[in-house]
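As stored in coords_6.txt (compact mmCIF, N, CA and C atoms):
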# COMPACT_ATOMS: atom_id res chain seq x y z
N ALA A 1 -12.90 10.48 -3.50
CA ALA A 1 -12.42 9.85 -4.72
C ALA A 1 -11.14 10.55 -5.19
N CYS A 2 -10.49 9.96 -6.12
CA CYS A 2 -9.23 10.49 -6.64
C CYS A 2 -9.50 11.70 -7.54
N PRO A 3 -8.71 12.77 -7.42
CA PRO A 3 -8.93 13.94 -8.29
C PRO A 3 -8.57 13.67 -9.75
N GLY A 4 -7.84 12.59 -10.04
CA GLY A 4 -7.47 12.26 -11.41
C GLY A 4 -8.47 11.35 -12.10
N PHE A 5 -9.72 11.32 -11.63
CA PHE A 5 -10.75 10.47 -12.22
C PHE A 5 -10.99 10.88 -13.67
N PRO A 6 -11.16 10.05 -14.63
CA PRO A 6 -11.40 8.62 -14.61
C PRO A 6 -10.14 7.76 -14.71
N GLU A 7 -8.96 8.37 -14.91
CA GLU A 7 -7.74 7.56 -14.99
C GLU A 7 -7.46 6.87 -13.65
N CYS A 8 -7.72 7.56 -12.56
CA CYS A 8 -7.51 7.02 -11.21
C CYS A 8 -8.87 6.75 -10.59
N SER A 9 -9.07 5.56 -10.07
CA SER A 9 -10.36 5.24 -9.45
C SER A 9 -10.19 4.85 -7.98
N ASN A 10 -9.15 5.38 -7.34
CA ASN A 10 -8.90 5.10 -5.92
C ASN A 10 -9.93 5.84 -5.07
N ALA A 11 -10.62 5.14 -4.20
CA ALA A 11 -11.61 5.76 -3.32
C ALA A 11 -11.34 5.33 -1.89
N LYS A 12 -11.41 6.27 -0.97
CA LYS A 12 -11.24 5.98 0.45
C LYS A 12 -12.52 6.39 1.18
N PRO A 13 -12.86 5.67 2.25
CA PRO A 13 -14.11 6.00 2.95
C PRO A 13 -14.00 7.33 3.68
N LEU A 14 -15.13 8.04 3.77
CA LEU A 14 -15.19 9.26 4.55
C LEU A 14 -15.38 8.86 6.01
N LEU A 15 -14.49 9.33 6.88
CA LEU A 15 -14.54 8.95 8.28
C LEU A 15 -14.96 10.13 9.14
N GLU A 16 -15.88 9.90 10.05
CA GLU A 16 -16.33 10.93 10.97
C GLU A 16 -15.47 10.86 12.22
N LYS A 17 -14.61 11.87 12.44
CA LYS A 17 -13.72 11.90 13.59
C LYS A 17 -14.48 12.40 14.82
N LEU A 18 -14.16 11.82 15.98
CA LEU A 18 -14.85 12.17 17.21
C LEU A 18 -14.01 13.03 18.15
N ASP A 19 -12.81 13.43 17.75
CA ASP A 19 -11.89 14.22 18.59
C ASP A 19 -11.59 13.53 19.92
N ILE A 20 -11.44 12.20 19.87
CA ILE A 20 -11.06 11.40 21.03
C ILE A 20 -9.80 10.63 20.66
N GLU A 21 -8.79 10.67 21.54
CA GLU A 21 -7.54 9.95 21.30
C GLU A 21 -7.79 8.45 21.38
N CYS A 22 -7.14 7.69 20.50
CA CYS A 22 -7.27 6.23 20.50
C CYS A 22 -6.76 5.69 21.84
N PRO A 23 -7.56 4.88 22.56
CA PRO A 23 -7.12 4.35 23.84
C PRO A 23 -6.07 3.25 23.74
N VAL A 24 -5.81 2.73 22.55
CA VAL A 24 -4.83 1.66 22.39
C VAL A 24 -3.46 2.21 21.97
N CYS A 25 -3.41 2.93 20.85
CA CYS A 25 -2.11 3.41 20.34
C CYS A 25 -1.79 4.83 20.79
N HIS A 26 -2.77 5.59 21.27
CA HIS A 26 -2.60 6.97 21.75
C HIS A 26 -2.02 7.90 20.68
N ASP A 27 -2.06 7.48 19.41
CA ASP A 27 -1.52 8.29 18.32
C ASP A 27 -2.64 8.71 17.36
N GLY A 28 -3.56 7.80 17.09
CA GLY A 28 -4.66 8.08 16.17
C GLY A 28 -5.87 8.65 16.89
N GLU A 29 -6.92 8.90 16.11
CA GLU A 29 -8.17 9.39 16.66
C GLU A 29 -9.24 8.32 16.49
N VAL A 30 -10.25 8.35 17.36
CA VAL A 30 -11.37 7.43 17.23
C VAL A 30 -12.30 7.98 16.14
N VAL A 31 -12.67 7.10 15.21
CA VAL A 31 -13.54 7.47 14.11
C VAL A 31 -14.75 6.54 14.07
N LEU A 32 -15.84 7.05 13.52
CA LEU A 32 -17.06 6.28 13.36
C LEU A 32 -16.98 5.54 12.03
N ARG A 33 -17.21 4.25 12.05
CA ARG A 33 -17.15 3.42 10.84
C ARG A 33 -18.44 2.61 10.71
N ARG A 34 -18.61 1.97 9.57
CA ARG A 34 -19.76 1.10 9.33
C ARG A 34 -19.27 -0.28 8.91
N SER A 35 -19.93 -1.29 9.46
CA SER A 35 -19.61 -2.67 9.10
C SER A 35 -20.21 -2.98 7.73
N LYS A 36 -19.93 -4.15 7.21
CA LYS A 36 -20.48 -4.54 5.91
C LYS A 36 -22.00 -4.62 5.95
N LYS A 37 -22.55 -4.91 7.12
CA LYS A 37 -24.01 -5.00 7.26
C LYS A 37 -24.63 -3.66 7.62
N GLY A 38 -23.83 -2.59 7.72
CA GLY A 38 -24.35 -1.25 7.98
C GLY A 38 -24.40 -0.85 9.44
N ARG A 39 -23.95 -1.71 10.34
CA ARG A 39 -23.96 -1.38 11.77
C ARG A 39 -22.78 -0.46 12.08
N THR A 40 -23.00 0.57 12.90
CA THR A 40 -21.92 1.51 13.22
C THR A 40 -21.06 0.98 14.36
N PHE A 41 -19.76 1.24 14.25
CA PHE A 41 -18.82 0.90 15.31
C PHE A 41 -17.73 1.95 15.34
N TYR A 42 -16.87 1.89 16.33
CA TYR A 42 -15.81 2.88 16.52
C TYR A 42 -14.47 2.19 16.36
N GLY A 43 -13.55 2.86 15.66
CA GLY A 43 -12.23 2.30 15.43
C GLY A 43 -11.18 3.39 15.38
N CYS A 44 -9.92 2.99 15.29
CA CYS A 44 -8.80 3.93 15.23
C CYS A 44 -8.60 4.41 13.80
N SER A 45 -8.22 5.67 13.66
CA SER A 45 -7.96 6.23 12.33
C SER A 45 -6.69 5.65 11.72
N HIS A 46 -5.86 4.98 12.51
CA HIS A 46 -4.62 4.38 12.00
C HIS A 46 -4.77 2.90 11.69
N TYR A 47 -6.00 2.44 11.47
CA TYR A 47 -6.22 1.06 11.06
C TYR A 47 -5.55 0.83 9.71
N PRO A 48 -4.85 -0.24 9.44
CA PRO A 48 -4.69 -1.49 10.16
C PRO A 48 -3.49 -1.54 11.11
N GLU A 49 -2.71 -0.46 11.23
CA GLU A 49 -1.57 -0.49 12.16
C GLU A 49 -2.06 -0.64 13.61
N CYS A 50 -3.19 -0.03 13.94
CA CYS A 50 -3.79 -0.14 15.27
C CYS A 50 -5.09 -0.92 15.13
N ASP A 51 -5.32 -1.89 16.01
CA ASP A 51 -6.49 -2.76 15.88
C ASP A 51 -7.62 -2.42 16.85
N PHE A 52 -7.70 -1.17 17.32
CA PHE A 52 -8.77 -0.79 18.24
C PHE A 52 -10.11 -0.76 17.53
N VAL A 53 -11.11 -1.46 18.10
CA VAL A 53 -12.50 -1.40 17.65
C VAL A 53 -13.40 -1.52 18.87
N SER A 54 -14.57 -0.89 18.80
CA SER A 54 -15.54 -0.96 19.90
C SER A 54 -16.93 -0.72 19.34
N TRP A 55 -17.90 -1.50 19.82
CA TRP A 55 -19.29 -1.24 19.46
C TRP A 55 -19.84 -0.08 20.27
N ASP A 56 -19.27 0.15 21.47
CA ASP A 56 -19.73 1.23 22.35
C ASP A 56 -18.85 2.46 22.15
N LYS A 57 -19.45 3.65 22.24
CA LYS A 57 -18.73 4.90 22.00
C LYS A 57 -17.79 5.21 23.16
N PRO A 58 -16.47 5.35 22.89
CA PRO A 58 -15.54 5.73 23.95
C PRO A 58 -15.76 7.18 24.36
N THR A 59 -15.53 7.47 25.65
CA THR A 59 -15.71 8.84 26.14
C THR A 59 -14.40 9.63 26.12
N GLY A 60 -13.27 8.93 26.01
CA GLY A 60 -11.98 9.60 26.03
C GLY A 60 -11.38 9.66 27.41
N GLU A 61 -12.04 9.08 28.41
CA GLU A 61 -11.54 9.08 29.79
C GLU A 61 -11.04 7.70 30.17
N LYS A 62 -10.01 7.69 31.03
CA LYS A 62 -9.53 6.43 31.60
C LYS A 62 -10.40 6.08 32.79
N CYS A 63 -10.45 4.81 33.11
CA CYS A 63 -11.21 4.35 34.27
C CYS A 63 -10.48 4.80 35.54
N SER A 64 -11.21 5.43 36.46
CA SER A 64 -10.60 5.92 37.69
C SER A 64 -10.41 4.80 38.71
N LYS A 65 -11.05 3.66 38.51
CA LYS A 65 -10.92 2.54 39.46
C LYS A 65 -9.75 1.62 39.10
N CYS A 66 -9.74 1.09 37.87
CA CYS A 66 -8.68 0.14 37.50
C CYS A 66 -7.51 0.82 36.79
N GLU A 67 -7.71 1.99 36.22
CA GLU A 67 -6.70 2.78 35.51
C GLU A 67 -6.08 2.08 34.31
N THR A 68 -6.60 0.92 33.91
CA THR A 68 -6.11 0.25 32.69
C THR A 68 -7.15 0.28 31.59
N GLY A 69 -8.41 0.35 31.96
CA GLY A 69 -9.49 0.39 30.97
C GLY A 69 -9.85 1.81 30.59
N TYR A 70 -10.77 1.94 29.65
CA TYR A 70 -11.27 3.25 29.24
C TYR A 70 -12.79 3.22 29.35
N MET A 71 -13.37 4.37 29.52
CA MET A 71 -14.81 4.49 29.73
C MET A 71 -15.54 4.55 28.38
N VAL A 72 -16.69 3.86 28.29
CA VAL A 72 -17.50 3.86 27.08
C VAL A 72 -18.96 4.15 27.45
N GLU A 73 -19.69 4.74 26.48
CA GLU A 73 -21.12 4.98 26.63
C GLU A 73 -21.85 3.75 26.09
N ARG A 74 -22.71 3.17 26.92
CA ARG A 74 -23.47 2.01 26.48
C ARG A 74 -24.96 2.31 26.66
N ASN A 75 -25.72 2.14 25.60
CA ASN A 75 -27.17 2.34 25.66
C ASN A 75 -27.82 1.02 26.04
N THR A 76 -28.62 1.06 27.11
CA THR A 76 -29.33 -0.12 27.59
C THR A 76 -30.81 0.21 27.72
N LYS A 77 -31.61 -0.76 28.13
CA LYS A 77 -33.03 -0.53 28.34
C LYS A 77 -33.27 0.49 29.45
N LYS A 78 -32.34 0.56 30.39
CA LYS A 78 -32.45 1.51 31.51
C LYS A 78 -31.96 2.90 31.13
N GLY A 79 -31.41 3.06 29.95
CA GLY A 79 -30.89 4.34 29.49
C GLY A 79 -29.41 4.29 29.22
N LYS A 80 -28.80 5.45 29.07
CA LYS A 80 -27.38 5.54 28.76
C LYS A 80 -26.56 5.33 30.03
N ARG A 81 -25.56 4.45 29.96
CA ARG A 81 -24.67 4.18 31.08
C ARG A 81 -23.24 4.42 30.63
N ILE A 82 -22.39 4.90 31.52
CA ILE A 82 -20.97 5.08 31.24
C ILE A 82 -20.23 4.07 32.10
N ILE A 83 -19.60 3.09 31.43
CA ILE A 83 -18.96 1.99 32.16
C ILE A 83 -17.53 1.78 31.66
N CYS A 84 -16.75 1.04 32.44
CA CYS A 84 -15.38 0.67 32.06
C CYS A 84 -15.45 -0.51 31.09
N ASN A 85 -14.60 -0.49 30.07
CA ASN A 85 -14.60 -1.59 29.09
C ASN A 85 -13.91 -2.84 29.63
N ASN A 86 -13.15 -2.70 30.71
CA ASN A 86 -12.44 -3.83 31.32
C ASN A 86 -13.47 -4.73 32.01
N LYS A 87 -13.62 -5.98 31.56
CA LYS A 87 -14.64 -6.88 32.09
C LYS A 87 -14.42 -7.22 33.56
N GLU A 88 -13.19 -7.20 34.05
CA GLU A 88 -12.91 -7.51 35.45
C GLU A 88 -13.21 -6.34 36.37
N CYS A 89 -13.29 -5.13 35.85
CA CYS A 89 -13.44 -3.93 36.66
C CYS A 89 -14.88 -3.69 37.10
N ASN A 90 -15.82 -3.69 36.17
CA ASN A 90 -17.24 -3.45 36.44
C ASN A 90 -17.54 -2.07 37.05
N PHE A 91 -16.68 -1.08 36.83
CA PHE A 91 -16.92 0.26 37.35
C PHE A 91 -17.95 0.96 36.48
N GLU A 92 -18.90 1.65 37.12
CA GLU A 92 -19.93 2.40 36.41
C GLU A 92 -19.98 3.81 36.96
N GLN A 93 -20.06 4.76 36.06
CA GLN A 93 -20.08 6.18 36.40
C GLN A 93 -21.50 6.71 36.21
N GLU A 94 -21.87 7.72 36.96
CA GLU A 94 -23.17 8.35 36.75
C GLU A 94 -23.13 9.08 35.41
N GLY A 95 -24.15 8.92 34.60
CA GLY A 95 -24.12 9.56 33.30
C GLY A 95 -25.45 10.03 32.93

What is this structure when it is put down as structure tokens?
Amino acid sequence: ACPGFPECSNAKPLLEKLDIECPVCHDGEVVLRRSKKGRTFYGCSHYPECDFVSWDKPTGEKCSKCETGYMVERNTKKGKRIICNNKECNFEQEG
């Protein structure tokens, strides 16, 4: 909240930084955010200048197969998987 309260009522959300570089703009950091319905997602700290968002947690690594995508952690019924976000790539890493 603003230190000049009650004259100033500006409030900004508290963001949990993950120490991972944004895979889109390479300038900001990936932060944990919450949707209006309370679901957690990952986005760039430089929003709205950068439009990176992901439901899956980025690992901070580039895909070694396609080299254009980035690796994300995805929880499935079979357990945690580390996969490329590029839909055409389908690369999966042991995790």

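Considering the residues A:Pro13, A:Pro23, A:Gly28, A:Gly38 and counting only C-alpha atoms, A:Pro58 has its shortest atom-to-atom contact with A:Pro23.
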
Which residue gives the smallest distance to A:Cys66 among A:Ile20, A:Asn10, A:Glu88, A:Phe41, with all atoms listed in the file counted? A:Glu88

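Residues in contact with A:Leu32 at 6 Å, where only N, CA and C atoms are counted and same-chain residues fewer than 4 positions away are skipped, are listed as Leu15, Glu16, Lys17, Leu18, Phe41, Tyr42 and Gly43 of chain A.
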
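As for atom CA of A:Asp19 and atom CA of A:Thr59, they are spaced 10.0 Å apart.
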
Apply DSSP to the structure's backbone, then extract all residues of chain A labelled strand (DSSP E or B) and return them as an MDAnalysis selection string. chainID A and resid 16:21 29:34 40:44 53:54 57:62 70:76 79:84 92:93

Residues of the last selection are to be written out with N, CA and C atoms, as a compact mmCIF listing (two decimals), in the frame of the given file.
# COMPACT_ATOMS: atom_id res chain seq x y z
N GLU A 16 -15.88 9.90 10.05
CA GLU A 16 -16.33 10.93 10.97
C GLU A 16 -15.47 10.86 12.22
N LYS A 17 -14.61 11.87 12.44
CA LYS A 17 -13.72 11.90 13.59
C LYS A 17 -14.48 12.40 14.82
N LEU A 18 -14.16 11.82 15.98
CA LEU A 18 -14.85 12.17 17.21
C LEU A 18 -14.01 13.03 18.15
N ASP A 19 -12.81 13.43 17.75
CA ASP A 19 -11.89 14.22 18.59
C ASP A 19 -11.59 13.53 19.92
N ILE A 20 -11.44 12.20 19.87
CA ILE A 20 -11.06 11.40 21.03
C ILE A 20 -9.80 10.63 20.66
N GLU A 21 -8.79 10.67 21.54
CA GLU A 21 -7.54 9.95 21.30
C GLU A 21 -7.79 8.45 21.38
N GLU A 29 -6.92 8.90 16.11
CA GLU A 29 -8.17 9.39 16.66
C GLU A 29 -9.24 8.32 16.49
N VAL A 30 -10.25 8.35 17.36
CA VAL A 30 -11.37 7.43 17.23
C VAL A 30 -12.30 7.98 16.14
N VAL A 31 -12.67 7.10 15.21
CA VAL A 31 -13.54 7.47 14.11
C VAL A 31 -14.75 6.54 14.07
N LEU A 32 -15.84 7.05 13.52
CA LEU A 32 -17.06 6.28 13.36
C LEU A 32 -16.98 5.54 12.03
N ARG A 33 -17.21 4.25 12.05
CA ARG A 33 -17.15 3.42 10.84
C ARG A 33 -18.44 2.61 10.71
N ARG A 34 -18.61 1.97 9.57
CA ARG A 34 -19.76 1.10 9.33
C ARG A 34 -19.27 -0.28 8.91
N THR A 40 -23.00 0.57 12.90
CA THR A 40 -21.92 1.51 13.22
C THR A 40 -21.06 0.98 14.36
N PHE A 41 -19.76 1.24 14.25
CA PHE A 41 -18.82 0.90 15.31
C PHE A 41 -17.73 1.95 15.34
N TYR A 42 -16.87 1.89 16.33
CA TYR A 42 -15.81 2.88 16.52
C TYR A 42 -14.47 2.19 16.36
N GLY A 43 -13.55 2.86 15.66
CA GLY A 43 -12.23 2.30 15.43
C GLY A 43 -11.18 3.39 15.38
N CYS A 44 -9.92 2.99 15.29
CA CYS A 44 -8.80 3.93 15.23
C CYS A 44 -8.60 4.41 13.80
N VAL A 53 -11.11 -1.46 18.10
CA VAL A 53 -12.50 -1.40 17.65
C VAL A 53 -13.40 -1.52 18.87
N SER A 54 -14.57 -0.89 18.80
CA SER A 54 -15.54 -0.96 19.90
C SER A 54 -16.93 -0.72 19.34
N LYS A 57 -19.45 3.65 22.24
CA LYS A 57 -18.73 4.90 22.00
C LYS A 57 -17.79 5.21 23.16
N PRO A 58 -16.47 5.35 22.89
CA PRO A 58 -15.54 5.73 23.95
C PRO A 58 -15.76 7.18 24.36
N THR A 59 -15.53 7.47 25.65
CA THR A 59 -15.71 8.84 26.14
C THR A 59 -14.40 9.63 26.12
N GLY A 60 -13.27 8.93 26.01
CA GLY A 60 -11.98 9.60 26.03
C GLY A 60 -11.38 9.66 27.41
N GLU A 61 -12.04 9.08 28.41
CA GLU A 61 -11.54 9.08 29.79
C GLU A 61 -11.04 7.70 30.17
N LYS A 62 -10.01 7.69 31.03
CA LYS A 62 -9.53 6.43 31.60
C LYS A 62 -10.40 6.08 32.79
N TYR A 70 -10.77 1.94 29.65
CA TYR A 70 -11.27 3.25 29.24
C TYR A 70 -12.79 3.22 29.35
N MET A 71 -13.37 4.37 29.52
CA MET A 71 -14.81 4.49 29.73
C MET A 71 -15.54 4.55 28.38
N VAL A 72 -16.69 3.86 28.29
CA VAL A 72 -17.50 3.86 27.08
C VAL A 72 -18.96 4.15 27.45
N GLU A 73 -19.69 4.74 26.48
CA GLU A 73 -21.12 4.98 26.63
C GLU A 73 -21.85 3.75 26.09
N ARG A 74 -22.71 3.17 26.92
CA ARG A 74 -23.47 2.01 26.48
C ARG A 74 -24.96 2.31 26.66
N ASN A 75 -25.72 2.14 25.60
CA ASN A 75 -27.17 2.34 25.66
C ASN A 75 -27.82 1.02 26.04
N THR A 76 -28.62 1.06 27.11
CA THR A 76 -29.33 -0.12 27.59
C THR A 76 -30.81 0.21 27.72
N GLY A 79 -31.41 3.06 29.95
CA GLY A 79 -30.89 4.34 29.49
C GLY A 79 -29.41 4.29 29.22
N LYS A 80 -28.80 5.45 29.07
CA LYS A 80 -27.38 5.54 28.76
C LYS A 80 -26.56 5.33 30.03
N ARG A 81 -25.56 4.45 29.96
CA ARG A 81 -24.67 4.18 31.08
C ARG A 81 -23.24 4.42 30.63
N ILE A 82 -22.39 4.90 31.52
CA ILE A 82 -20.97 5.08 31.24
C ILE A 82 -20.23 4.07 32.10
N ILE A 83 -19.60 3.09 31.43
CA ILE A 83 -18.96 1.99 32.16
C ILE A 83 -17.53 1.78 31.66
N CYS A 84 -16.75 1.04 32.44
CA CYS A 84 -15.38 0.67 32.06
C CYS A 84 -15.45 -0.51 31.09
N GLU A 92 -18.90 1.65 37.12
CA GLU A 92 -19.93 2.40 36.41
C GLU A 92 -19.98 3.81 36.96
N GLN A 93 -20.06 4.76 36.06
CA GLN A 93 -20.08 6.18 36.40
C GLN A 93 -21.50 6.71 36.21

Name all residues at most 7 Å from A:Gly69 (count all atoms listed in the file; drop same-chain ones fewer than 2 positions away) and give them as a CSV table (one decimal) with N, CA and C atoms, in the frame of the given file.
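Result file follows (around-v3.csv):
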chain,number,residue,atom,x,y,z
A,61,GLU,N,-12.0,9.1,28.4
A,61,GLU,CA,-11.5,9.1,29.8
A,61,GLU,C,-11.0,7.7,30.2
A,62,LYS,N,-10.0,7.7,31.0
A,62,LYS,CA,-9.5,6.4,31.6
A,62,LYS,C,-10.4,6.1,32.8
A,63,CYS,N,-10.4,4.8,33.1
A,63,CYS,CA,-11.2,4.4,34.3
A,63,CYS,C,-10.5,4.8,35.5
A,66,CYS,N,-9.7,1.1,37.9
A,66,CYS,CA,-8.7,0.1,37.5
A,66,CYS,C,-7.5,0.8,36.8
A,67,GLU,N,-7.7,2.0,36.2
A,67,GLU,CA,-6.7,2.8,35.5
A,67,GLU,C,-6.1,2.1,34.3
A,71,MET,N,-13.4,4.4,29.5
A,71,MET,CA,-14.8,4.5,29.7
A,71,MET,C,-15.5,4.6,28.4
A,84,CYS,N,-16.8,1.0,32.4
A,84,CYS,CA,-15.4,0.7,32.1
A,84,CYS,C,-15.4,-0.5,31.1
A,85,ASN,N,-14.6,-0.5,30.1
A,85,ASN,CA,-14.6,-1.6,29.1
A,85,ASN,C,-13.9,-2.8,29.6
A,86,ASN,N,-13.2,-2.7,30.7
A,86,ASN,CA,-12.4,-3.8,31.3
A,86,ASN,C,-13.5,-4.7,32.0

What is the atom C of A:Arg39-atom N of A:Ser54 distance in Å, reported with one decimal? 10.6 Å

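Here the question is which of A:His26, A:Arg33, A:Arg74, A:Arg81 gets nearest to A:Leu14 using all atoms listed in the file, and that residue is A:Arg33.
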
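Picture a line from atom N of A:Asn75 to atom C of A:Asn90; it runs 14.7 Å.
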
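The protein and nucleic acid residues lying at most 8 Å from A:Cys50 are Val24, Cys25, Gly43 and Cys44 of chain A, with all atoms listed in the file considered and sequence neighbours fewer than 6 positions away removed.
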
Find, counting only C-alpha atoms, the residue in A:Glu92, A:Ser45, A:Lys65, A:Gly79 that gets nearest to A:Cys22. A:Ser45

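Nearest-residue note for A:His46: choosing from A:Val72, A:Cys2, A:Cys89, A:Val30, the minimum distance belongs to A:Val30, counting all atoms listed in the file.
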